[in-house]
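Asker: File follows, model04.pdb with PDB, C-alpha atoms and all ligand atoms:
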ATOM      1  CA  MET A   1       4.980   1.345 -25.279
ATOM      2  CA  VAL A   2       7.886   2.238 -27.541
ATOM      3  CA  GLU A   3       8.934  -0.281 -30.231
ATOM      4  CA  PRO A   4      10.196  -3.564 -28.696
ATOM      5  CA  LYS A   5      13.688  -3.036 -30.165
ATOM      6  CA  GLU A   6      13.927   0.410 -28.624
ATOM      7  CA  PHE A   7      12.496  -0.882 -25.336
ATOM      8  CA  ILE A   8      15.195  -3.560 -25.222
ATOM      9  CA  ASP A   9      18.014  -1.066 -25.800
ATOM     10  CA  GLU A  10      16.610   1.313 -23.211
ATOM     11  CA  SER A  11      16.115  -1.487 -20.661
ATOM     12  CA  ILE A  12      19.637  -2.803 -21.093
ATOM     13  CA  SER A  13      21.065   0.679 -20.465
ATOM     14  CA  TYR A  14      18.694   1.112 -17.519
ATOM     15  CA  ILE A  15      19.739  -2.190 -15.911
ATOM     16  CA  LYS A  16      23.429  -1.420 -16.462
ATOM     17  CA  GLU A  17      22.942   1.933 -14.769
ATOM     18  CA  GLU A  18      20.874   0.619 -11.848
ATOM     19  CA  VAL A  19      22.834  -2.526 -10.979
ATOM     20  CA  ASP A  20      26.128  -1.698  -9.415
ATOM     21  CA  GLY A  21      27.527  -5.197  -8.822
ATOM     22  CA  GLU A  22      25.719  -8.549  -8.880
ATOM     23  CA  ALA A  23      21.999  -9.190  -9.171
ATOM     24  CA  MET A  24      19.631 -12.054  -8.727
ATOM     25  CA  ILE A  25      16.247 -12.823 -10.185
ATOM     26  CA  ALA A  26      13.663 -15.414  -9.208
ATOM     27  CA  LEU A  27      12.978 -17.201 -12.464
ATOM     28  CA  SER A  28       9.576 -18.823 -12.816
ATOM     29  CA  GLY A  29       9.784 -19.862 -16.454
ATOM     30  CA  GLY A  30       7.001 -17.409 -17.263
ATOM     31  CA  VAL A  31       7.291 -14.750 -19.911
ATOM     32  CA  ASP A  32       7.721 -11.821 -17.464
ATOM     33  CA  SER A  33      10.640 -13.139 -15.442
ATOM     34  CA  SER A  34      12.199 -14.733 -18.532
ATOM     35  CA  VAL A  35      12.204 -11.431 -20.412
ATOM     36  CA  CYS A  36      13.723  -9.724 -17.372
ATOM     37  CA  ALA A  37      16.363 -12.438 -17.044
ATOM     38  CA  GLU A  38      17.307 -12.194 -20.716
ATOM     39  CA  LEU A  39      17.413  -8.368 -20.639
ATOM     40  CA  SER A  40      19.525  -8.502 -17.483
ATOM     41  CA  TYR A  41      21.813 -11.184 -18.891
ATOM     42  CA  ARG A  42      22.416  -8.962 -21.923
ATOM     43  CA  ALA A  43      23.085  -6.039 -19.593
ATOM     44  CA  ILE A  44      25.287  -7.589 -16.906
ATOM     45  CA  GLY A  45      26.134 -11.099 -18.182
ATOM     46  CA  GLU A  46      27.622 -13.428 -15.573
ATOM     47  CA  LYS A  47      26.875 -10.942 -12.832
ATOM     48  CA  LEU A  48      23.272 -12.096 -13.083
ATOM     49  CA  HIS A  49      22.259 -15.050 -10.901
ATOM     50  CA  PRO A  50      18.871 -16.439 -11.906
ATOM     51  CA  VAL A  51      17.382 -18.671  -9.225
ATOM     52  CA  PHE A  52      14.687 -21.206  -9.968
ATOM     53  CA  VAL A  53      12.877 -22.651  -6.963
ATOM     54  CA  ASN A  54      11.230 -25.954  -7.866
ATOM     55  CA  THR A  55       8.168 -25.924  -5.630
ATOM     56  CA  GLY A  56       6.794 -29.192  -6.993
ATOM     57  CA  LEU A  57       3.749 -27.179  -8.063
ATOM     58  CA  MET A  58       4.733 -26.812 -11.709
ATOM     59  CA  ARG A  59       3.099 -28.340 -14.759
ATOM     60  CA  LYS A  60       4.164 -31.538 -16.518
ATOM     61  CA  GLY A  61       7.646 -31.246 -18.048
ATOM     62  CA  GLU A  62       8.035 -27.625 -17.022
ATOM     63  CA  VAL A  63      11.021 -27.955 -14.699
ATOM     64  CA  GLU A  64      13.099 -29.758 -17.327
ATOM     65  CA  GLN A  65      12.105 -27.158 -19.891
ATOM     66  CA  ILE A  66      13.194 -24.251 -17.689
ATOM     67  CA  LYS A  67      16.553 -25.866 -16.936
ATOM     68  CA  GLN A  68      17.139 -26.366 -20.634
ATOM     69  CA  THR A  69      16.048 -22.909 -21.756
ATOM     70  CA  PHE A  70      18.281 -21.080 -19.291
ATOM     71  CA  SER A  71      21.232 -23.440 -19.351
ATOM     72  CA  HIS A  72      23.426 -20.714 -20.903
ATOM     73  CA  MET A  73      23.084 -18.631 -17.725
ATOM     74  CA  ASN A  74      24.421 -19.086 -14.189
ATOM     75  CA  LEU A  75      21.166 -20.835 -13.273
ATOM     76  CA  GLU A  76      20.730 -21.979  -9.691
ATOM     77  CA  VAL A  77      18.020 -24.654  -9.274
ATOM     78  CA  VAL A  78      16.687 -25.306  -5.777
ATOM     79  CA  ASP A  79      14.757 -28.560  -5.465
ATOM     80  CA  ALA A  80      12.287 -27.838  -2.678
ATOM     81  CA  GLU A  81       9.326 -30.042  -3.652
ATOM     82  CA  ASP A  82       9.307 -32.054  -0.423
ATOM     83  CA  LYS A  83       9.457 -28.957   1.729
ATOM     84  CA  PHE A  84       6.512 -27.330  -0.040
ATOM     85  CA  LEU A  85       4.397 -30.481   0.196
ATOM     86  CA  GLU A  86       5.208 -30.845   3.866
ATOM     87  CA  GLU A  87       4.173 -27.289   4.696
ATOM     88  CA  LEU A  88       1.021 -27.577   2.609
ATOM     89  CA  GLU A  89      -0.123 -30.685   4.512
ATOM     90  CA  GLY A  90      -3.557 -30.089   6.004
ATOM     91  CA  VAL A  91      -3.871 -26.562   4.564
ATOM     92  CA  VAL A  92      -7.304 -26.052   3.016
ATOM     93  CA  ASP A  93      -7.996 -22.343   3.274
ATOM     94  CA  PRO A  94      -7.220 -20.619  -0.067
ATOM     95  CA  GLU A  95      -5.513 -17.546   1.381
ATOM     96  CA  GLU A  96      -3.562 -19.647   3.867
ATOM     97  CA  LYS A  97      -2.436 -21.873   1.018
ATOM     98  CA  ARG A  98      -1.214 -18.831  -0.912
ATOM     99  CA  ASN A  99       0.560 -17.529   2.157
ATOM    100  CA  VAL A 100       2.265 -20.849   2.903
ATOM    101  CA  VAL A 101       3.594 -21.087  -0.661
ATOM    102  CA  GLY A 102       4.525 -17.405  -0.749
ATOM    103  CA  GLU A 103       6.334 -17.433   2.571
ATOM    104  CA  LEU A 104       8.225 -20.643   1.946
ATOM    105  CA  PHE A 105       9.200 -19.337  -1.462
ATOM    106  CA  ILE A 106      10.573 -16.186   0.108
ATOM    107  CA  ARG A 107      12.423 -18.107   2.846
ATOM    108  CA  THR A 108      13.979 -20.433   0.283
ATOM    109  CA  PHE A 109      14.990 -17.512  -1.889
ATOM    110  CA  GLU A 110      16.310 -15.641   1.121
ATOM    111  CA  GLU A 111      18.664 -18.524   2.015
ATOM    112  CA  ILE A 112      20.111 -18.472  -1.498
ATOM    113  CA  ALA A 113      20.406 -14.687  -1.424
ATOM    114  CA  LYS A 114      22.398 -14.884   1.804
ATOM    115  CA  GLU A 115      24.645 -17.621   0.434
ATOM    116  CA  LEU A 116      25.318 -15.717  -2.756
ATOM    117  CA  ASP A 117      25.603 -12.369  -0.956
ATOM    118  CA  ILE A 118      24.005 -10.315  -3.700
ATOM    119  CA  ASN A 119      22.677  -6.797  -3.306
ATOM    120  CA  TYR A 120      20.392  -6.265  -6.245
ATOM    121  CA  LEU A 121      17.083  -7.883  -7.026
ATOM    122  CA  ILE A 122      15.513  -7.925 -10.455
ATOM    123  CA  GLN A 123      11.765  -8.575 -10.534
ATOM    124  CA  GLY A 124       9.420  -9.406 -13.390
ATOM    125  CA  THR A 125       6.518  -7.414 -11.986
ATOM    126  CA  ILE A 126       4.207  -6.164 -14.731
ATOM    127  CA  TYR A 127       1.630  -3.378 -14.629
ATOM    128  CA  PRO A 128      -1.505  -5.448 -13.825
ATOM    129  CA  ASP A 129       0.333  -7.225 -10.955
ATOM    130  CA  ARG A 130       0.884  -3.879  -9.298
ATOM    131  CA  ILE A 131      -2.716  -2.779  -9.750
ATOM    132  CA  GLU A 132      -4.195  -6.022  -8.387
ATOM    133  CA  SER A 133      -1.784  -6.101  -5.465
ATOM    134  CA  GLU A 134      -2.576  -2.522  -4.572
ATOM    135  CA  GLY A 135      -6.273  -3.333  -4.879
ATOM    136  CA  GLY A 136      -5.805  -6.257  -2.494
ATOM    137  CA  ILE A 137      -7.968  -8.718  -4.434
ATOM    138  CA  LYS A 138      -5.700 -11.709  -3.746
ATOM    139  CA  SER A 139      -2.205 -11.941  -2.378
ATOM    140  CA  HIS A 140       0.195 -12.243  -5.306
ATOM    141  CA  HIS A 141       3.249 -13.688  -3.710
ATOM    142  CA  ASN A 142       5.604 -12.478  -6.416
ATOM    143  CA  VAL A 143       5.008  -8.812  -5.654
ATOM    144  CA  GLY A 144       6.353  -6.998  -2.693
ATOM    145  CA  GLY A 145       7.278  -9.883  -0.407
ATOM    146  CA  LEU A 146      10.936 -10.323  -1.207
ATOM    147  CA  PRO A 147      12.131  -6.748  -0.791
ATOM    148  CA  GLN A 148      10.438  -6.453   2.603
ATOM    149  CA  ILE A 149      12.388  -9.390   3.976
ATOM    150  CA  ILE A 150      15.736  -9.072   2.299
ATOM    151  CA  ASP A 151      17.471  -5.764   2.524
ATOM    152  CA  PHE A 152      18.476  -5.318  -1.088
ATOM    153  CA  GLU A 153      20.417  -2.255  -2.059
ATOM    154  CA  GLY A 154      18.303  -1.868  -5.149
ATOM    155  CA  ILE A 155      15.242  -3.409  -6.796
ATOM    156  CA  VAL A 156      14.998  -3.240 -10.538
ATOM    157  CA  GLU A 157      11.727  -3.921 -12.336
ATOM    158  CA  PRO A 158      12.403  -3.665 -16.070
ATOM    159  CA  VAL A 159       8.848  -4.463 -17.283
ATOM    160  CA  ARG A 160       6.877  -2.763 -14.523
ATOM    161  CA  ASN A 161       4.976  -0.512 -16.937
ATOM    162  CA  LEU A 162       4.100  -3.133 -19.524
ATOM    163  CA  TYR A 163       0.993  -5.191 -20.112
ATOM    164  CA  LYS A 164       1.331  -8.898 -20.822
ATOM    165  CA  ASP A 165       0.878  -8.530 -24.602
ATOM    166  CA  GLU A 166       3.671  -5.975 -24.653
ATOM    167  CA  VAL A 167       5.989  -8.269 -22.684
ATOM    168  CA  ARG A 168       5.313 -10.981 -25.269
ATOM    169  CA  LYS A 169       6.349  -8.633 -28.084
ATOM    170  CA  VAL A 170       9.618  -7.974 -26.264
ATOM    171  CA  ALA A 171      10.106 -11.736 -25.735
ATOM    172  CA  ARG A 172       9.715 -12.365 -29.482
ATOM    173  CA  GLU A 173      12.147  -9.585 -30.279
ATOM    174  CA  LEU A 174      14.607 -11.138 -27.794
ATOM    175  CA  ASP A 175      14.275 -14.444 -29.713
ATOM    176  CA  LEU A 176      13.153 -16.352 -26.653
ATOM    177  CA  PRO A 177      11.645 -19.753 -27.581
ATOM    178  CA  SER A 178       7.935 -19.684 -28.395
ATOM    179  CA  GLN A 179       7.206 -21.920 -25.361
ATOM    180  CA  ILE A 180       8.148 -18.825 -23.385
ATOM    181  CA  SER A 181       7.015 -15.909 -25.524
ATOM    182  CA  GLU A 182       3.557 -17.448 -26.067
ATOM    183  CA  ARG A 183       3.354 -19.161 -22.677
ATOM    184  CA  MET A 184       0.078 -18.740 -20.857
ATOM    185  CA  PRO A 185       0.227 -16.883 -17.550
ATOM    186  CA  PHE A 186       0.749 -19.309 -14.678
ATOM    187  CA  PRO A 187       0.187 -18.281 -11.047
ATOM    188  CA  GLY A 188       3.095 -18.050  -8.602
ATOM    189  CA  PRO A 189       1.516 -20.576  -6.191
ATOM    190  CA  GLY A 190       1.241 -22.891  -9.194
ATOM    191  CA  LEU A 191      -1.025 -25.917  -9.186
ATOM    192  CA  ALA A 192      -1.809 -25.307  -5.493
ATOM    193  CA  VAL A 193      -4.442 -22.725  -6.487
ATOM    194  CA  ARG A 194      -5.983 -25.146  -8.984
ATOM    195  CA  ILE A 195      -6.703 -27.771  -6.352
ATOM    196  CA  ILE A 196      -9.670 -27.266  -4.057
ATOM    197  CA  GLY A 197      -8.713 -28.320  -0.538
ATOM    198  CA  GLU A 198      -5.478 -29.921   0.596
ATOM    199  CA  VAL A 199      -2.625 -30.324  -1.873
ATOM    200  CA  THR A 200      -1.443 -33.942  -2.013
ATOM    201  CA  PRO A 201       0.964 -35.798  -4.317
ATOM    202  CA  GLU A 202      -1.926 -37.831  -5.749
ATOM    203  CA  LYS A 203      -3.954 -34.731  -6.601
ATOM    204  CA  LEU A 204      -0.906 -33.097  -8.152
ATOM    205  CA  ASP A 205      -0.284 -36.143 -10.349
ATOM    206  CA  VAL A 206      -3.881 -36.256 -11.571
ATOM    207  CA  LEU A 207      -3.948 -32.519 -12.191
ATOM    208  CA  ARG A 208      -0.637 -32.548 -14.097
ATOM    209  CA  GLU A 209      -1.893 -35.215 -16.467
ATOM    210  CA  ALA A 210      -5.295 -33.551 -16.939
ATOM    211  CA  ASN A 211      -3.713 -30.155 -17.517
ATOM    212  CA  ALA A 212      -1.315 -31.566 -20.104
ATOM    213  CA  ILE A 213      -4.320 -32.895 -22.059
ATOM    214  CA  VAL A 214      -6.104 -29.516 -21.915
ATOM    215  CA  GLU A 215      -3.006 -27.694 -23.119
ATOM    216  CA  GLU A 216      -2.346 -30.264 -25.837
ATOM    217  CA  GLU A 217      -5.880 -29.895 -27.208
ATOM    218  CA  LEU A 218      -6.248 -26.116 -26.875
ATOM    219  CA  GLY A 219      -2.703 -24.990 -27.653
ATOM    220  CA  ASN A 220      -2.062 -21.291 -27.159
ATOM    221  CA  GLU A 221      -5.498 -20.243 -28.378
ATOM    222  CA  PRO A 222      -6.990 -19.104 -25.057
ATOM    223  CA  TRP A 223      -5.430 -16.462 -22.823
ATOM    224  CA  GLN A 224      -5.373 -19.249 -20.255
ATOM    225  CA  GLY A 225      -6.548 -22.826 -20.646
ATOM    226  CA  PHE A 226      -6.037 -25.310 -17.861
ATOM    227  CA  ALA A 227      -7.448 -28.019 -15.633
ATOM    228  CA  ALA A 228      -8.421 -27.741 -11.978
ATOM    229  CA  LEU A 229      -9.307 -30.395  -9.432
ATOM    230  CA  LEU A 230     -12.623 -29.877  -7.671
ATOM    231  CA  GLY A 231     -13.239 -32.895  -5.450
ATOM    232  CA  LYS A 232     -14.624 -36.395  -5.851
ATOM    233  CA  ALA A 233     -17.776 -37.845  -7.387
ATOM    234  CA  THR A 234     -19.156 -41.232  -8.240
ATOM    235  CA  GLY A 235     -18.651 -42.695 -11.682
ATOM    236  CA  VAL A 236     -18.646 -46.020 -13.526
ATOM    237  CA  LYS A 237     -15.525 -47.397 -15.129
ATOM    238  CA  GLY A 238     -15.819 -50.750 -16.818
ATOM    239  CA  ASP A 239     -18.547 -52.282 -14.660
ATOM    240  CA  GLN A 240     -17.193 -50.848 -11.431
ATOM    241  CA  ARG A 241     -18.575 -47.917  -9.495
ATOM    242  CA  VAL A 242     -15.676 -45.617  -8.660
ATOM    243  CA  HIS A 243     -15.270 -42.601  -6.451
ATOM    244  CA  GLY A 244     -12.987 -40.541  -8.662
ATOM    245  CA  TRP A 245     -11.774 -36.991  -9.134
ATOM    246  CA  ILE A 246     -13.827 -34.241 -10.767
ATOM    247  CA  VAL A 247     -11.692 -32.269 -13.208
ATOM    248  CA  SER A 248     -12.806 -28.820 -14.243
ATOM    249  CA  ILE A 249     -11.678 -27.527 -17.617
ATOM    250  CA  ARG A 250     -11.232 -23.756 -17.707
ATOM    251  CA  ALA A 251     -10.445 -21.623 -20.757
ATOM    252  CA  VAL A 252     -10.702 -17.851 -20.754
ATOM    253  CA  GLU A 253     -10.085 -14.944 -23.069
ATOM    254  CA  SER A 254      -8.594 -11.797 -21.611
ATOM    255  CA  ARG A 255      -6.230  -8.929 -22.320
ATOM    256  CA  ASP A 256      -4.574  -8.543 -18.968
ATOM    257  CA  GLY A 257      -6.200 -10.998 -16.560
ATOM    258  CA  MET A 258      -8.122  -8.250 -14.774
ATOM    259  CA  THR A 259     -11.369  -9.280 -16.461
ATOM    260  CA  ALA A 260     -11.972 -12.412 -18.511
ATOM    261  CA  LYS A 261     -14.600 -14.205 -20.608
ATOM    262  CA  ALA A 262     -15.162 -17.936 -20.517
ATOM    263  CA  MET A 263     -14.218 -19.179 -23.974
ATOM    264  CA  GLU A 264     -16.830 -20.654 -26.307
ATOM    265  CA  ILE A 265     -15.116 -23.887 -27.189
ATOM    266  CA  PRO A 266     -16.765 -25.904 -29.984
ATOM    267  CA  TRP A 267     -18.659 -28.831 -28.484
ATOM    268  CA  ASP A 268     -16.632 -31.490 -30.362
ATOM    269  CA  GLN A 269     -13.379 -30.069 -29.113
ATOM    270  CA  LEU A 270     -14.664 -29.757 -25.564
ATOM    271  CA  LYS A 271     -16.009 -33.311 -25.634
ATOM    272  CA  THR A 272     -12.667 -34.627 -26.907
ATOM    273  CA  ILE A 273     -10.855 -32.958 -24.003
ATOM    274  CA  GLY A 274     -13.327 -34.214 -21.394
ATOM    275  CA  ASP A 275     -13.416 -37.745 -22.804
ATOM    276  CA  ARG A 276      -9.626 -37.972 -23.006
ATOM    277  CA  ILE A 277      -9.212 -36.847 -19.394
ATOM    278  CA  ALA A 278     -11.770 -39.333 -18.073
ATOM    279  CA  ARG A 279     -10.463 -42.156 -20.248
ATOM    280  CA  GLU A 280      -6.705 -41.620 -19.943
ATOM    281  CA  ILE A 281      -6.531 -40.852 -16.228
ATOM    282  CA  ASP A 282      -7.575 -43.812 -14.078
ATOM    283  CA  ASN A 283      -9.025 -42.107 -11.044
ATOM    284  CA  VAL A 284     -10.999 -39.353 -12.792
ATOM    285  CA  SER A 285     -14.735 -39.979 -12.803
ATOM    286  CA  ARG A 286     -16.063 -36.723 -14.220
ATOM    287  CA  THR A 287     -15.129 -33.643 -16.220
ATOM    288  CA  VAL A 288     -16.954 -30.311 -16.260
ATOM    289  CA  TYR A 289     -16.508 -27.061 -18.185
ATOM    290  CA  ASP A 290     -16.396 -23.804 -16.248
ATOM    291  CA  ILE A 291     -18.543 -21.170 -18.003
ATOM    292  CA  THR A 292     -17.981 -18.352 -15.497
ATOM    293  CA  ASP A 293     -16.543 -14.994 -16.566
ATOM    294  CA  LYS A 294     -14.336 -12.805 -14.366
ATOM    295  CA  PRO A 295     -16.077 -11.157 -12.587
ATOM    296  CA  PRO A 296     -17.829 -12.778 -10.797
ATOM    297  CA  ALA A 297     -15.295 -15.635 -10.701
ATOM    298  CA  THR A 298     -11.548 -15.209 -10.664
ATOM    299  CA  ILE A 299      -9.514 -17.023 -13.291
ATOM    300  CA  GLU A 300      -7.793 -19.299 -10.797
ATOM    301  CA  TYR A 301      -9.783 -21.332  -8.272
ATOM    302  CA  GLU A 302      -8.210 -20.096  -5.084
TER     303      GLU A 302
HETATM  304  P1  LIG B   1      -7.229 -14.321 -10.804
HETATM  305  O1  LIG B   1      -7.319 -15.759 -10.387
HETATM  306  O2  LIG B   1      -6.988 -13.400  -9.657
HETATM  307  O3  LIG B   1      -5.925 -14.242 -11.711
HETATM  308  O4  LIG B   1      -8.370 -13.889 -11.672
HETATM  309  C1  LIG B   1      -5.604 -13.166 -12.560
HETATM  310  C2  LIG B   1      -4.348 -13.522 -13.293
HETATM  311  O5  LIG B   1      -3.257 -13.582 -12.381
HETATM  312  C3  LIG B   1      -2.710 -14.891 -12.324
HETATM  313  N1  LIG B   1      -2.417 -15.140 -10.914
HETATM  314  C4  LIG B   1      -1.197 -15.024 -10.369
HETATM  315  N2  LIG B   1      -0.036 -14.704 -10.923
HETATM  316  N3  LIG B   1       1.004 -14.937  -8.832
HETATM  317  C5  LIG B   1       1.071 -14.697 -10.157
HETATM  318  O6  LIG B   1       2.156 -14.441 -10.677
HETATM  319  C6  LIG B   1      -0.140 -15.236  -8.201
HETATM  320  O7  LIG B   1      -0.173 -15.441  -6.981
HETATM  321  C7  LIG B   1      -1.306 -15.282  -9.015
HETATM  322  N4  LIG B   1      -2.593 -15.562  -8.760
HETATM  323  C8  LIG B   1      -3.262 -15.449  -9.936
HETATM  324  C9  LIG B   1      -3.764 -15.791 -12.923
HETATM  325  O8  LIG B   1      -3.205 -16.965 -13.471
HETATM  326  C10 LIG B   1      -4.393 -14.896 -13.947
HETATM  327  O9  LIG B   1      -3.630 -14.826 -15.129
END
Translate this structure into C-alpha cells?
Answerer:
Amino acid sequence: MVEPKEFIDESISYIKEEVDGEAMIALSGGVDSSVCAELSYRAIGEKLHPVFVNTGLMRKGEVEQIKQTFSHMNLEVVDAEDKFLEELEGVVDPEEKRNVVGELFIRTFEEIAKELDINYLIQGTIYPDRIESEGGIKSHHNVGGLPQIIDFEGIVEPVRNLYKDEVRKVARELDLPSQISERMPFPGPGLAVRIIGEVTPEKLDVLREANAIVEEELGNEPWQGFAALLGKATGVKGDQRVHGWIVSIRAVESRDGMTAKAMEIPWDQLKTIGDRIAREIDNVSRTVYDITDKPPATIEYE
C-alpha cells in the first residue's frame, strides 16, 4: 500500500471521479465502512447518505456510539430490531441464520435506497472479504448481495485492495476516534453468529453483558476478543441449583482473519474474566475458554 496520506488523497479523487451525483453507504460502525464513509464525505460532502440499520444484534452501547460518531453527516438510522428478532424466531441453522439476517438487511436497505432515490453505492469491502466470499467458506452478507438486488449505476469500493491493518492506518490518518480505528472486526450478522441456536432477547441480553466484560478486561490486545453463548448447564448459585447459560470466552490473534491462533491469556486474567461473568450476570452458570485455532475452527461460532 502507498502511504496512508497519499492513499487518502488518491481515494478522494477516485470517489469524486466515480460518483456522479449522490451516493449511499451502509454504515456498520466498523473500521472498513467508517473509513469509506469518511473518505466519501471528504470527497462528496452532503451528497453522501450513510445509512445505519440497527439490527438489534449490536454490542452494548454500540448504537449510541455510532450515532454520536457520525452525527456530523447526513446519517439515516433505521431502527429494525423488532423485525430482525421476529424473522430470527425459530431459526437454528447457522447458514439459515446468516441468510435471514443478510436478506432482511438487504431488504431494509433497499427500501431506504428507493426512498432516497440514489444511484451510487459505496461499500467497505476489503481484500480478505473478497477472497473468503469467492472461496465460499461462509456467506458474508456484506459482500455482493446489495448490488445484485438494487440496480445501482455504480459501485465504489475504496478499500477493496487493503488488508485490515492497512485500513486501520488510514483510519488513524483520517483522525477517526480510536474506538473506530482500533475497533475489533465484528461480523455483519452481529451477535446472531455468537449464539448457538435460536436468537432470543434473553440470550442477546446475557451475551451483551458478557461480551462487555470480555472487552473491558482484554481491551484491544487481541485481534478479536469476545463472548459467545453456547447453551445451558447446571450450576450452583448461593445454595440453589440453577440451569444457567454457558458463556464461551474467545480471544484470537490474526493478521487478516483468514487464519487465527487462540490467544494465550495469563491464567489470572482469564480467571478474572470468567469469574466476573458468572458473578455479575445472574443466569450464567459456567464460563469456558475456547482454545481452538482457525483452522480447524472459524473465529465466529456460526
Ligand atoms: P470466521 O468466523 O469465518 O471469520 O473465521 C473471519 C473474520 O470475518 C468476520 N466475519 C464476518 N464479517 N460479515 C462480516 O463483515 C460476516 O458475515 C462475517 N462473518 C465472519 C469474523 O468476525 C472474523 O474477523
Asker: Between A:Lys60, A:Arg42, A:Arg286, A:Lys97, which is the closest to ligand LIG 1 (chain B) once you count only C-alpha atoms and all ligand atoms?
Answerer: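 Between A:Lys60, A:Arg42, A:Arg286, A:Lys97, the residue approaching ligand LIG 1 (chain B) most closely is A:Lys97.
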Asker: Do you know which residues are within 10 Å of ligand LIG 1 (chain B) using all atoms listed in the file? Can you write them as a PyMOL selection string?
Answerer: chain A and resi 28+30+32-33+98-99+101-102+124-126+128-129+132-133+137-143+164+184-190+193-194+223-226+252+254-260+293-302
Asker: Counting all atoms listed in the file, which residue out of A:Gly45, A:Met1, A:Cys36, A:Leu229 sits closest to A:Leu204?
Answerer: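 Answer, going by the shortest atom-to-atom distance: A:Leu229.
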Asker: Counting all atoms listed in the file, which of A:Val167, A:Glu17, A:Ala37, A:Lys83 gets nearest to A:Val2?
Answerer: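 Looking at the shortest contact to A:Val2, the residue is A:Val167.
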Asker: Can you list, as a ChimeraX atom specification, every protein, DNA or RNA residue that comes within 8 Å of A:Ser248 when you count only C-alpha atoms, leaving out same-chain residues fewer than 2 positions away?
Answerer: /A:227-230,246,250,287-290
Asker: If you measure from atom CA of A:Val159 to atom CA of A:Gly219, what distance in Å do you get, rounded to one decimal?
Answerer: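 Between atom CA of A:Val159 and atom CA of A:Gly219 the gap is 25.7 Å.
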Asker: What gap, in Å, lies between atom CA of A:Arg276 and atom CA of A:Lys203?
Answerer: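 Atom-to-atom, atom CA of A:Arg276 to atom CA of A:Lys203, that is 17.7 Å.
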Asker: May I ask which of the residues A:Ile150, A:Met73, A:Leu57, A:Val51 is the closest one to A:Asn119, counting all atoms listed in the file?
Answerer: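 The shortest atom-to-atom distance to A:Asn119 comes from A:Ile150.
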Asker: Tell me which of A:Glu217, A:Glu198, A:Glu10, A:Asp165 sits closest to A:Glu182, counting only C-alpha atoms.
Answerer: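 Among A:Glu217, A:Glu198, A:Glu10, A:Asp165, it is A:Asp165 that comes nearest to A:Glu182.
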Asker: Measuring atom to atom with only C-alpha atoms, identify which of A:Ile122, A:Ala192, A:Ile291, A:Ile8 is nearest to A:Ala262.
Answerer: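 Among the listed residues, A:Ile291 lies closest to A:Ala262.
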Asker: Please provide the set of residues having any atom within 12 Å of A:Leu218, restricted to all atoms listed in the file, with same-chain residues fewer than 2 positions apart removed, written as a PyMOL selection string.
Answerer: chain A and resi 184+211-216+220-227+249-252+263-266+269-270+272-273
Asker: Tell me, as an MDAnalysis selection string, which residues lie within 9 Å of A:Leu85, counting all atoms listed in the file; anything in the same chain fewer than 2 positions away does not count.
Answerer: chainID A and resid 55:57 80:83 87:89 199:201
